[in-house]
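Asker: As input, take data.cif (mmCIF, C-alpha atoms):
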```cif
data_query
loop_
_atom_site.label_atom_id
_atom_site.label_comp_id
_atom_site.auth_asym_id
_atom_site.auth_seq_id
_atom_site.Cartn_x
_atom_site.Cartn_y
_atom_site.Cartn_z
CA MET A 16 106.58 124.40 119.92
CA SER A 17 108.08 127.43 118.19
CA ASP A 18 108.45 128.63 114.61
CA THR A 19 111.70 126.64 114.46
CA THR A 20 110.14 123.29 115.39
CA ALA A 21 107.19 121.20 114.22
CA TRP A 22 105.50 117.92 115.04
CA VAL A 23 106.45 115.30 112.46
CA ALA A 24 106.19 111.52 112.28
CA GLY A 25 109.13 109.81 113.97
CA PHE A 26 107.67 106.29 113.76
CA ARG A 27 104.68 104.66 112.11
CA SER A 28 103.04 101.23 112.25
CA ALA A 29 100.25 100.37 109.80
CA VAL A 30 97.43 98.32 111.34
CA ILE A 31 95.03 95.66 110.11
CA SER A 32 91.75 94.18 111.28
CA PRO A 33 91.88 91.04 113.42
CA TYR A 34 88.64 89.92 111.78
CA GLU A 35 90.05 89.41 108.28
CA GLN A 36 89.62 86.02 106.63
CA VAL A 37 93.12 85.94 105.13
CA LYS A 38 95.48 85.64 108.11
CA LEU A 39 99.22 85.08 108.32
CA SER A 40 99.09 84.94 112.14
CA GLU A 41 96.38 84.46 114.74
CA SER A 42 94.45 87.38 116.21
CA ARG A 43 94.40 87.71 120.00
CA THR A 44 92.79 89.43 122.97
CA PHE A 45 94.06 90.85 126.28
CA ALA A 46 92.66 91.22 129.79
CA ASP A 47 94.45 92.41 132.97
CA GLN A 48 97.74 92.30 131.07
CA THR A 49 100.56 94.67 130.19
CA VAL A 50 101.88 94.77 126.64
CA ARG A 51 105.39 96.22 126.20
CA GLN A 52 106.51 97.00 122.64
CA ALA A 53 109.68 98.37 121.09
CA LEU A 54 109.17 101.20 118.59
CA HIS A 55 112.29 101.83 116.50
CA LEU A 56 112.35 105.55 115.74
CA ALA A 57 113.20 106.66 112.22
CA GLY A 58 113.76 110.20 113.49
CA GLY A 59 114.08 112.06 116.76
CA GLY A 60 113.18 115.28 118.51
CA GLU A 61 113.11 117.11 121.81
CA GLN A 62 109.61 115.93 122.75
CA LEU A 63 107.33 113.10 121.65
CA ARG A 64 103.72 112.06 121.63
CA VAL A 65 102.21 108.61 120.99
CA ARG A 66 99.26 107.68 118.78
CA LEU A 67 97.05 104.82 119.98
CA THR A 68 94.24 103.21 118.02
CA ASN A 69 91.16 101.07 118.44
CA LEU A 70 90.39 101.30 114.74
CA TYR A 71 89.11 97.75 114.32
CA GLY A 72 87.88 97.19 117.88
CA ARG A 73 84.20 96.38 118.39
CA GLU A 74 84.17 97.55 122.01
CA PRO A 75 85.71 100.53 123.81
CA LEU A 76 89.38 99.97 124.67
CA VAL A 77 90.41 100.88 128.22
CA ILE A 78 94.04 101.91 128.67
CA GLY A 79 94.59 101.62 132.43
CA ALA A 80 98.17 102.91 132.31
CA ALA A 81 100.64 103.86 129.58
CA HIS A 82 104.37 104.45 129.90
CA VAL A 83 107.21 105.21 127.52
CA ALA A 84 110.90 104.67 128.18
CA LEU A 85 114.11 104.03 126.34
CA ARG A 86 114.83 100.36 125.82
CA LYS A 87 117.83 98.75 127.45
CA THR A 88 117.59 95.25 126.02
CA GLY A 89 114.79 92.78 125.39
CA ASN A 90 111.84 93.79 127.58
CA GLU A 91 114.03 95.75 130.00
CA ILE A 92 113.85 99.55 130.04
CA ILE A 93 116.30 102.21 131.20
CA ALA A 94 114.65 103.00 134.53
CA GLU A 95 115.47 106.71 134.74
CA THR A 96 113.76 107.35 131.37
CA ASP A 97 110.41 105.80 132.38
CA THR A 98 107.68 108.39 131.80
CA VAL A 99 103.91 108.24 132.29
CA LEU A 100 101.83 108.97 129.20
CA ARG A 101 98.81 111.17 129.85
CA PHE A 102 95.78 111.97 127.77
CA ASP A 103 94.29 115.42 128.35
CA GLY A 104 96.05 115.26 131.70
CA ALA A 105 94.63 111.88 132.72
CA ASP A 106 96.67 108.70 133.37
CA GLN A 107 93.93 106.55 131.86
CA VAL A 108 91.90 106.79 128.67
CA THR A 109 89.11 104.89 126.96
CA ILE A 110 89.28 104.76 123.17
CA PRO A 111 85.88 104.19 121.53
CA ALA A 112 85.43 101.44 118.97
CA GLY A 113 86.89 102.73 115.72
CA GLY A 114 88.59 105.63 117.50
CA ALA A 115 92.09 106.89 118.18
CA VAL A 116 93.87 109.15 120.67
CA ILE A 117 97.10 111.13 120.79
CA SER A 118 98.93 111.39 124.10
CA ASP A 119 99.96 114.67 125.68
CA PRO A 120 103.51 115.70 124.73
CA VAL A 121 106.29 114.12 126.77
CA GLU A 122 109.58 115.83 127.61
CA LEU A 123 111.79 112.95 126.53
CA ALA A 124 114.43 113.73 123.94
CA VAL A 125 114.97 110.91 121.46
CA ALA A 126 117.31 110.39 118.52
CA ALA A 127 116.94 108.58 115.21
CA GLY A 128 117.61 104.89 115.73
CA THR A 129 116.35 104.92 119.32
CA ASP A 130 114.24 101.98 120.51
CA LEU A 131 111.42 103.58 122.45
CA THR A 132 109.35 101.19 124.55
CA LEU A 133 105.61 101.62 124.95
CA SER A 134 103.97 99.77 127.84
CA LEU A 135 100.18 99.56 127.91
CA TYR A 136 98.19 98.11 130.80
CA LEU A 137 94.89 96.70 129.51
CA PRO A 138 92.71 96.05 132.57
CA GLU A 139 89.54 94.86 130.84
CA GLN A 140 88.73 92.28 128.20
CA THR A 141 89.77 93.94 124.94
CA GLY A 142 88.17 91.77 122.29
CA LEU A 143 90.31 91.01 119.26
CA ALA A 144 93.12 93.57 119.05
CA THR A 145 93.87 96.00 116.22
CA ARG A 146 97.42 95.08 115.23
CA SER A 147 100.43 95.20 112.96
CA HIS A 148 100.88 91.53 112.23
CA GLU A 149 104.46 91.04 110.94
CA PRO A 150 106.61 93.94 112.18
CA SER A 151 109.85 91.93 112.67
CA GLU A 152 109.72 92.92 116.34
CA ILE A 153 108.55 91.30 119.57
CA ALA A 154 105.79 92.44 121.91
CA TYR A 155 106.11 91.29 125.52
CA VAL A 156 102.95 90.35 127.40
CA ALA A 157 102.87 90.04 131.21
CA ALA A 158 100.10 89.60 133.78
CA GLY A 159 98.73 92.58 135.70
CA ASN A 160 99.76 96.21 135.72
CA VAL A 161 103.54 96.16 135.31
CA ALA A 162 103.75 99.10 132.91
CA SER A 163 106.40 100.82 135.06
CA GLN A 164 108.38 97.68 135.92
CA VAL A 165 111.99 97.83 134.70
CA ASP A 166 112.28 94.19 133.65
CA LEU A 167 109.27 92.01 132.80
CA GLY A 168 111.23 88.80 133.27
CA ALA A 169 109.91 85.74 131.46
CA ALA A 170 107.08 87.55 129.69
CA GLU A 171 105.24 85.95 126.79
CA GLU A 172 106.81 86.96 123.47
CA VAL A 173 104.52 87.74 120.53
CA PRO A 174 105.89 88.71 117.08
CA ALA A 175 103.29 91.43 116.49
CA ARG A 176 102.43 94.99 117.51
CA PHE A 177 99.17 96.16 119.08
CA TYR A 178 97.12 99.35 119.41
CA VAL A 179 99.84 101.78 118.29
CA THR A 180 100.05 103.60 114.96
CA GLY A 181 102.83 106.05 115.57
CA VAL A 182 105.10 108.35 117.49
CA ASP A 183 105.36 112.03 116.58
CA VAL A 184 108.49 113.98 117.49
CA LEU A 185 109.08 117.70 117.91
CA ALA A 186 111.80 118.25 115.32
CA PRO A 187 113.33 121.16 113.40
CA ALA A 188 110.73 122.79 111.16
CA HIS A 189 110.74 121.67 107.52
CA THR A 190 112.31 118.29 108.28
CA PRO A 191 111.40 116.23 105.19
CA ILE A 192 109.49 113.01 105.84
CA ALA A 193 108.89 110.16 103.40
CA VAL A 194 106.28 107.45 103.88
CA ALA A 195 107.03 103.90 102.70
CA LEU A 196 103.60 102.56 101.71
CA GLY A 197 103.48 98.96 100.64
CA ASP A 198 103.69 95.33 101.55
CA SER A 199 106.01 92.89 103.35
CA TRP A 200 109.06 94.12 101.44
CA PHE A 201 108.71 97.33 103.47
CA GLU A 202 107.31 95.82 106.69
CA GLY A 203 110.35 93.56 106.77
CA VAL A 204 109.12 89.96 106.56
CA GLY A 205 112.18 87.73 106.28
CA SER A 206 114.55 90.12 108.04
CA THR A 207 116.17 89.24 111.37
CA MET A 208 113.72 89.64 114.24
CA SER A 209 114.35 92.66 116.50
CA ALA A 210 117.44 93.68 114.51
CA ASN A 211 115.95 96.60 112.53
CA ARG A 212 117.27 95.38 109.19
CA ARG A 213 114.17 96.05 107.12
CA SER A 214 114.58 97.81 103.78
CA VAL A 215 113.27 101.04 105.30
CA ASP A 216 115.82 100.88 108.13
CA ALA A 217 118.62 100.38 105.61
CA LEU A 218 117.31 103.31 103.57
CA ASN A 219 117.30 105.56 106.64
CA ASP A 220 120.95 104.68 107.21
CA ARG A 221 121.69 106.25 103.82
CA LEU A 222 119.99 109.61 104.50
CA ASP A 223 121.79 112.66 105.79
CA ARG A 224 118.59 114.68 106.24
CA GLY A 225 115.00 113.73 106.87
CA TRP A 226 113.84 110.14 107.26
CA VAL A 227 111.38 107.51 106.09
CA VAL A 228 108.58 106.09 108.25
CA ASN A 229 107.39 102.56 107.55
CA GLN A 230 103.75 101.91 106.60
CA GLY A 231 104.34 98.44 105.17
CA ILE A 232 101.80 95.65 105.73
CA GLY A 233 102.79 92.06 104.97
CA GLY A 234 100.32 90.72 102.41
CA ASN A 235 98.93 94.13 101.48
CA ARG A 236 97.65 94.69 97.96
CA LEU A 237 97.33 97.85 95.91
CA LEU A 238 93.87 97.07 94.57
CA THR A 239 92.13 94.54 96.82
CA ASN A 240 91.03 94.14 100.44
CA GLU A 241 92.94 91.79 102.72
CA ILE A 242 95.50 91.75 104.00
CA GLY A 243 94.70 95.27 105.23
CA VAL A 244 92.65 97.67 103.13
CA PRO A 245 93.97 98.30 99.60
CA GLY A 246 96.94 100.60 99.15
CA LEU A 247 94.76 102.99 97.18
CA ASP A 248 92.34 103.22 100.11
CA ARG A 249 95.17 103.56 102.66
CA PHE A 250 96.54 106.66 100.95
CA SER A 251 94.53 109.19 102.93
CA ARG A 252 95.04 107.66 106.39
CA ASP A 253 98.53 106.22 106.05
CA VAL A 254 100.11 108.94 103.90
CA LEU A 255 98.25 112.24 103.89
CA ASP A 256 97.52 112.12 107.63
CA VAL A 257 101.22 111.62 108.46
CA PRO A 258 102.50 114.96 109.85
CA GLY A 259 105.37 116.41 107.87
CA VAL A 260 105.05 114.08 104.86
CA THR A 261 106.76 115.38 101.73
CA SER A 262 107.46 112.20 99.75
CA LEU A 263 105.99 108.77 99.12
CA LEU A 264 107.69 105.47 98.29
CA ILE A 265 105.52 102.59 97.12
CA ASN A 266 106.14 98.85 96.82
CA PHE A 267 103.15 96.84 95.61
CA GLY A 268 102.33 94.10 93.17
CA ILE A 269 103.39 90.65 94.34
CA ASN A 270 100.30 90.16 96.49
CA ASP A 271 97.97 91.58 93.81
CA LEU A 272 99.31 88.84 91.56
CA ILE A 273 99.41 85.78 93.83
CA LEU A 274 97.82 86.31 97.27
CA GLY A 275 94.30 85.91 95.89
CA GLY A 276 95.13 82.27 95.32
CA MET A 277 94.57 81.75 99.07
CA SER A 278 90.92 82.75 98.73
CA GLY A 279 90.05 81.90 95.14
CA GLU A 280 90.35 85.43 93.76
CA PRO A 281 91.74 86.03 90.27
CA PRO A 282 95.12 87.75 89.87
CA ALA A 283 95.27 91.43 88.98
CA THR A 284 95.82 92.10 85.28
CA THR A 285 98.55 94.25 83.76
CA GLU A 286 95.98 96.91 82.91
CA GLU A 287 94.52 96.95 86.43
CA LEU A 288 97.92 97.33 88.08
CA ILE A 289 99.03 100.09 85.71
CA ALA A 290 95.77 101.95 86.33
CA GLY A 291 96.22 101.59 90.11
CA PHE A 292 99.81 102.80 90.05
CA THR A 293 98.83 105.73 87.84
CA GLU A 294 95.99 106.72 90.18
CA LEU A 295 98.27 106.60 93.21
CA ALA A 296 100.78 108.84 91.40
CA ARG A 297 98.01 111.30 90.55
CA ARG A 298 96.82 111.49 94.15
CA ALA A 299 100.35 112.00 95.45
CA HIS A 300 101.07 114.80 92.98
CA ASP A 301 97.71 116.43 93.69
CA ALA A 302 98.73 116.50 97.36
CA GLY A 303 102.09 118.11 96.52
CA LEU A 304 104.13 114.98 97.26
CA THR A 305 106.85 113.38 95.19
CA ILE A 306 106.27 109.68 94.55
CA HIS A 307 108.89 106.99 93.99
CA ALA A 308 107.88 103.49 92.86
CA ALA A 309 109.55 100.10 93.13
CA THR A 310 109.50 97.50 90.41
CA ILE A 311 107.78 94.24 91.39
CA GLY A 312 110.27 91.81 92.89
CA PRO A 313 110.79 88.20 91.81
CA TYR A 314 108.78 85.41 93.45
CA ALA A 315 108.99 82.34 91.19
CA GLY A 316 110.59 80.35 94.02
CA CYS A 317 107.63 80.91 96.36
CA VAL A 318 107.27 77.84 98.58
CA TYR A 319 103.69 78.51 99.70
CA PRO A 320 101.09 76.26 98.06
CA GLY A 321 98.08 77.43 96.12
CA MET A 322 99.68 80.53 94.60
CA PRO A 323 99.27 81.17 90.84
CA ILE A 324 102.98 81.60 90.17
CA GLU A 325 103.51 80.60 86.55
CA GLN A 326 100.39 82.28 85.18
CA THR A 327 101.22 85.66 86.78
CA LEU A 328 104.92 85.95 85.93
CA PRO A 329 104.20 87.43 82.47
CA THR A 330 102.10 90.14 84.16
CA ARG A 331 104.97 90.96 86.51
CA ARG A 332 107.32 91.36 83.56
CA GLU A 333 104.87 93.56 81.65
CA VAL A 334 104.18 95.84 84.61
CA ASN A 335 107.89 96.14 85.36
CA GLU A 336 108.65 97.17 81.79
CA TRP A 337 105.96 99.82 82.08
CA LEU A 338 107.38 101.01 85.41
CA ARG A 339 110.87 101.31 83.95
CA GLY A 340 109.61 103.42 81.07
CA THR A 341 106.83 105.53 82.54
CA ASP A 342 107.06 109.19 83.54
CA VAL A 343 104.10 109.19 85.97
CA PHE A 344 106.48 108.88 88.95
CA ASP A 345 109.23 111.20 90.11
CA ALA A 346 111.58 108.22 90.23
CA VAL A 347 111.47 104.44 89.91
CA PHE A 348 113.78 102.26 92.00
CA ASP A 349 114.47 98.96 90.29
CA VAL A 350 114.27 96.49 93.15
CA ALA A 351 113.59 93.58 90.80
CA ARG A 352 116.87 93.98 88.91
CA ALA A 353 118.83 94.45 92.14
CA VAL A 354 117.67 91.26 93.84
CA GLU A 355 116.90 88.87 90.98
CA ASP A 356 119.02 85.85 90.15
CA PRO A 357 120.88 86.82 86.94
CA GLU A 358 120.53 83.25 85.68
CA ARG A 359 116.80 83.04 86.53
CA PRO A 360 115.39 86.58 86.78
CA ASP A 361 111.98 85.46 88.03
CA PHE A 362 113.72 84.07 91.13
CA ILE A 363 115.35 85.90 94.04
CA ARG A 364 119.15 85.69 94.02
CA PRO A 365 120.02 82.90 96.51
CA ALA A 366 122.19 85.21 98.63
CA TYR A 367 119.19 87.52 99.10
CA ASP A 368 116.47 84.90 99.68
CA SER A 369 115.06 84.59 103.21
CA GLY A 370 114.29 80.95 102.45
CA ASP A 371 110.70 81.10 101.22
CA GLY A 372 111.36 82.27 97.67
CA MET A 373 109.30 85.45 97.95
CA HIS A 374 110.82 87.48 100.79
CA LEU A 375 114.27 88.98 101.14
CA ASN A 376 116.79 88.48 103.94
CA ASP A 377 118.84 91.23 105.57
CA ALA A 378 121.29 91.39 102.67
CA GLY A 379 118.43 91.51 100.19
CA TYR A 380 116.73 94.36 102.00
CA LEU A 381 120.02 96.25 102.05
CA ALA A 382 120.30 95.78 98.29
CA MET A 383 116.69 96.97 97.92
CA ALA A 384 117.40 100.12 99.94
CA GLU A 385 120.43 100.90 97.81
CA THR A 386 118.26 101.17 94.69
CA VAL A 387 116.50 104.30 95.96
CA ASP A 388 117.78 107.60 94.58
CA VAL A 389 118.18 109.50 97.85
CA ALA A 390 119.01 112.72 96.02
CA ALA A 391 115.60 112.58 94.32
CA LEU A 392 113.73 111.59 97.48
CA PHE A 393 113.94 114.98 99.20
CA ARG A 394 114.54 117.43 96.38
#
```
I'd like the structure from this file rewritten - as structure tokens, please.

Answerer:
Amino acid sequence: MSDTTAWVAGFRSAVISPYEQVKLSESRTFADQTVRQALHLAGGGEQLRVRLTNLYGREPLVIGAAHVALRKTGNEIIAETDTVLRFDGADQVTIPAGGAVISDPVELAVAAGTDLTLSLYLPEQTGLATRSHEPSEIAYVAAGNVASQVDLGAAEEVPARFYVTGVDVLAPAHTPIAVALGDSWFEGVGSTMSANRRSVDALNDRLDRGWVVNQGIGGNRLLTNEIGVPGLDRFSRDVLDVPGVTSLLINFGINDLILGGMSGEPPATTEELIAGFTELARRAHDAGLTIHAATIGPYAGCVYPGMPIEQTLPTRREVNEWLRGTDVFDAVFDVARAVEDPERPDFIRPAYDSGDGMHLNDAGYLAMAETVDVAALFR
């Protein structure tokens, strides 16, 4: 590293505990298995390093082998790019319960839009795995140590991501980095699997400098635990600890209003949401970041039972009017107006609905990305 380069975040994946009570997919364990995962890089550099986590593990996590490579297709890698990951020079590492490690730098040049594959051999019983639960990408699970194998063949396919929180890249100094902190509308629920058509991907396609890394968690709330810790509590770990961060985008609110219906919790009030948004803006500005907030998208067509839809729609409207008029943010991007049905503004426009009435499809996420003022993002 020289004065002309710096380590910045090239990819991020926000993780949750497998022990939560509110689950949208089942937790799982591994033993004597290799997990191969595609990590779609928002930005590139001349070297990289990988961040692994055992944040929610209750036992030490043994990594028996770790490899990175460029992805060819599916679970197949480009053989000549296969590279061993080392940790303080060692091919193996044990991550204590609650701990994390960063690999040694790897001389593998990567570009924005690259699918990097990470293959982890897990020789011992892992216990329930720290994970990203709805990343719109497949993890491939195969028996034994096949971390260096070019093609895993008919491996088990799991629509989740495990034990990885990020990839740092050695990039030109002062490359601006934005973090997208929020819920499923950032993580990409409803977008085409393995196609990288999340709202954050579409936003990156619009940028001519810098990039945005995705810290979305499907089901995440601004104010309340599960799914994941609250957005307010994630700020330090998932924003401030991201190397190179200069800007923050936030998308919260739907889950604060309706997800509690799954566990008997009351919806957030207008006053509570405004106070939470205001506090997040204060923390961002205190840290020298610009902050850009999304209006709360429509969800009246939600097909999932037990959600307090009708009683919370007035709160959504009130908070959105506040968002559109407030000056606590550097910019507000009006996702709600962009994707709502003009005839029924509490509903998603049919052409943008993934089919469940509360998540967008690829076209909807593209429309969401187009609401962001990219000139304001990296002033």

Asker: Quick one: everything within 9 Å of Glu149 in chain A, counting all atoms listed in the file, minus sequence neighbours fewer than 6 positions away in the same chain. Send it as a PyMOL selection string.

Answerer: chain A and resi 39-40+174-176+199+202-204+232-233

Asker: Keeping only C-alpha atoms, write the selected residues as a PDB file, in the frame of the given file.

Answerer:
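Output saved as part.pdb:
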```pdb
ATOM      1  CA  LEU A  39      99.220  85.080 108.320  1.00  0.00           C
ATOM      2  CA  SER A  40      99.090  84.940 112.140  1.00  0.00           C
ATOM      3  CA  PRO A 174     105.890  88.710 117.080  1.00  0.00           C
ATOM      4  CA  ALA A 175     103.290  91.430 116.490  1.00  0.00           C
ATOM      5  CA  ARG A 176     102.430  94.990 117.510  1.00  0.00           C
ATOM      6  CA  SER A 199     106.010  92.890 103.350  1.00  0.00           C
ATOM      7  CA  GLU A 202     107.310  95.820 106.690  1.00  0.00           C
ATOM      8  CA  GLY A 203     110.350  93.560 106.770  1.00  0.00           C
ATOM      9  CA  VAL A 204     109.120  89.960 106.560  1.00  0.00           C
ATOM     10  CA  ILE A 232     101.800  95.650 105.730  1.00  0.00           C
ATOM     11  CA  GLY A 233     102.790  92.060 104.970  1.00  0.00           C
TER      12      GLY A 233
END
```

Asker: Name all residues at most 6 Å from Gly372 in chain A (count only C-alpha atoms; drop same-chain ones fewer than 6 positions away) and give them as number ranges by chain.

Answerer: A: 314, 316-317

Asker: Any chance you can output those residues with C-alpha atoms as a short mmCIF file (atom, residue, chain, number, x, y, z; two decimals), keeping the file's coordinate frame?

Answerer:
```cif
data_model
loop_
_atom_site.label_atom_id
_atom_site.label_comp_id
_atom_site.auth_asym_id
_atom_site.auth_seq_id
_atom_site.Cartn_x
_atom_site.Cartn_y
_atom_site.Cartn_z
CA TYR A 314 108.78 85.41 93.45
CA GLY A 316 110.59 80.35 94.02
CA CYS A 317 107.63 80.91 96.36
#
```

Asker: Can you spell out as JSON, numbers by chain the set of residues that the PyMOL selection byres ((chain A and resi 100) around 7) selects in the structure I just provided?

Answerer: {"A": [81, 82, 83, 98, 99, 101, 102, 106, 118, 119]}

Asker: CA of Ala309 in chain A to CA of Trp226 in chain A: how many Å, to one decimal?

Answerer: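 Taking CA of Ala309 in chain A and CA of Trp226 in chain A, their separation equals 17.9 Å.
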
Asker: Convert the output of the PyMOL selection byres ((chain A and resi 33) around 7) on the shown file into explicit residues, formatted as an MDAnalysis selection string.

Answerer: chainID A and resid 31:32 34:35 42 143:145

Asker: Using all atoms listed in the file, which residues sit within 6 Å of range 282-288 of chain A once same-chain residues fewer than 2 positions away are excluded, as a VMD selection string?

Answerer: chain A and resid 271 to 272 290 to 291 330 334

Asker: Contacts of range 373-387 of chain A at 9 Å or less, counting only C-alpha atoms, minus same-chain residues fewer than 6 places along, as a VMD selection string?

Answerer: chain A and resid 199 to 201 203 to 207 212 to 219 221 269 307 309 312 to 318 346 to 351 353 to 354 362 to 364 366 to 367

Asker: What residues come out when you apply the PyMOL selection byres ((chain A and resi 394) around 10) to this file, written as a count of residues only?

Answerer: 9

Asker: In Å, how far is it from CA of Asp47 in chain A to CA of Ser134 in chain A?

Answerer: 13.1 Å

Asker: Hey, which of A:Gly268, A:Gly303, A:Pro138, A:Pro187 ends up closest to Asn335 in chain A? Count all atoms listed in the file.

Answerer: A:Gly268

Asker: If I take CA of Ile153 in chain A and CA of Pro365 in chain A, how far is one from the other in Å, to one decimal?

Answerer: 27.1 Å

Asker: For Leu54 in chain A, please output as a ChimeraX atom specification all residues within 7 Å (counting all atoms listed in the file; exclusion window: fewer than 4 positions along the same chain).

Answerer: /A:130-132

Asker: Closest to Gly279 in chain A among A:Met322, A:Leu196, A:Val125, A:Leu67, using only C-alpha atoms?

Answerer: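 Among the listed residues, A:Met322 lies closest to Gly279 in chain A.
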
Asker: Rank A:Thr341, A:Pro75, A:Thr96, A:Glu122 by their smallest atom-to-atom distance to Ile110 in chain A, using all atoms listed in the file, and report the top residue only.

Answerer: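 So, comparing all the options, the nearest one is A:Pro75.
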
Asker: From the options A:Gly113, A:Gly234, A:Pro323, A:Pro120, which residue's atoms come nearest to Pro281 in chain A, counting all atoms listed in the file?

Answerer: A:Pro323

Asker: Taking all atoms listed in the file into account, name the residue in A:Arg27, A:Gly60, A:Ala21, A:Ser209 that is nearest to Val254 in chain A.

Answerer: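 Closest candidate: A:Arg27.
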
Asker: Quick one: residues within 12 Å of (97.2, 110.0, 107.1) (file frame), counting only C-alpha atoms, please, as a list in words.

Answerer: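 Residues with an atom at most 12 Å from (97.2, 110.0, 107.1): Val23, Ala24, Arg27, Ser28, Ala29, Thr180, Gly181, Val194, Leu196, Gln230, Asp248, Arg249, Phe250, Ser251, Arg252, Asp253, Val254, Leu255, Asp256, Val257, Pro258, Gly259, Val260, Leu263 and Ala302 of chain A.
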
Asker: May I ask which of the residues A:Arg43, A:Gln140, A:Ile78, A:Gln164 is the closest one to Ala94 in chain A, counting only C-alpha atoms?

Answerer: A:Gln164
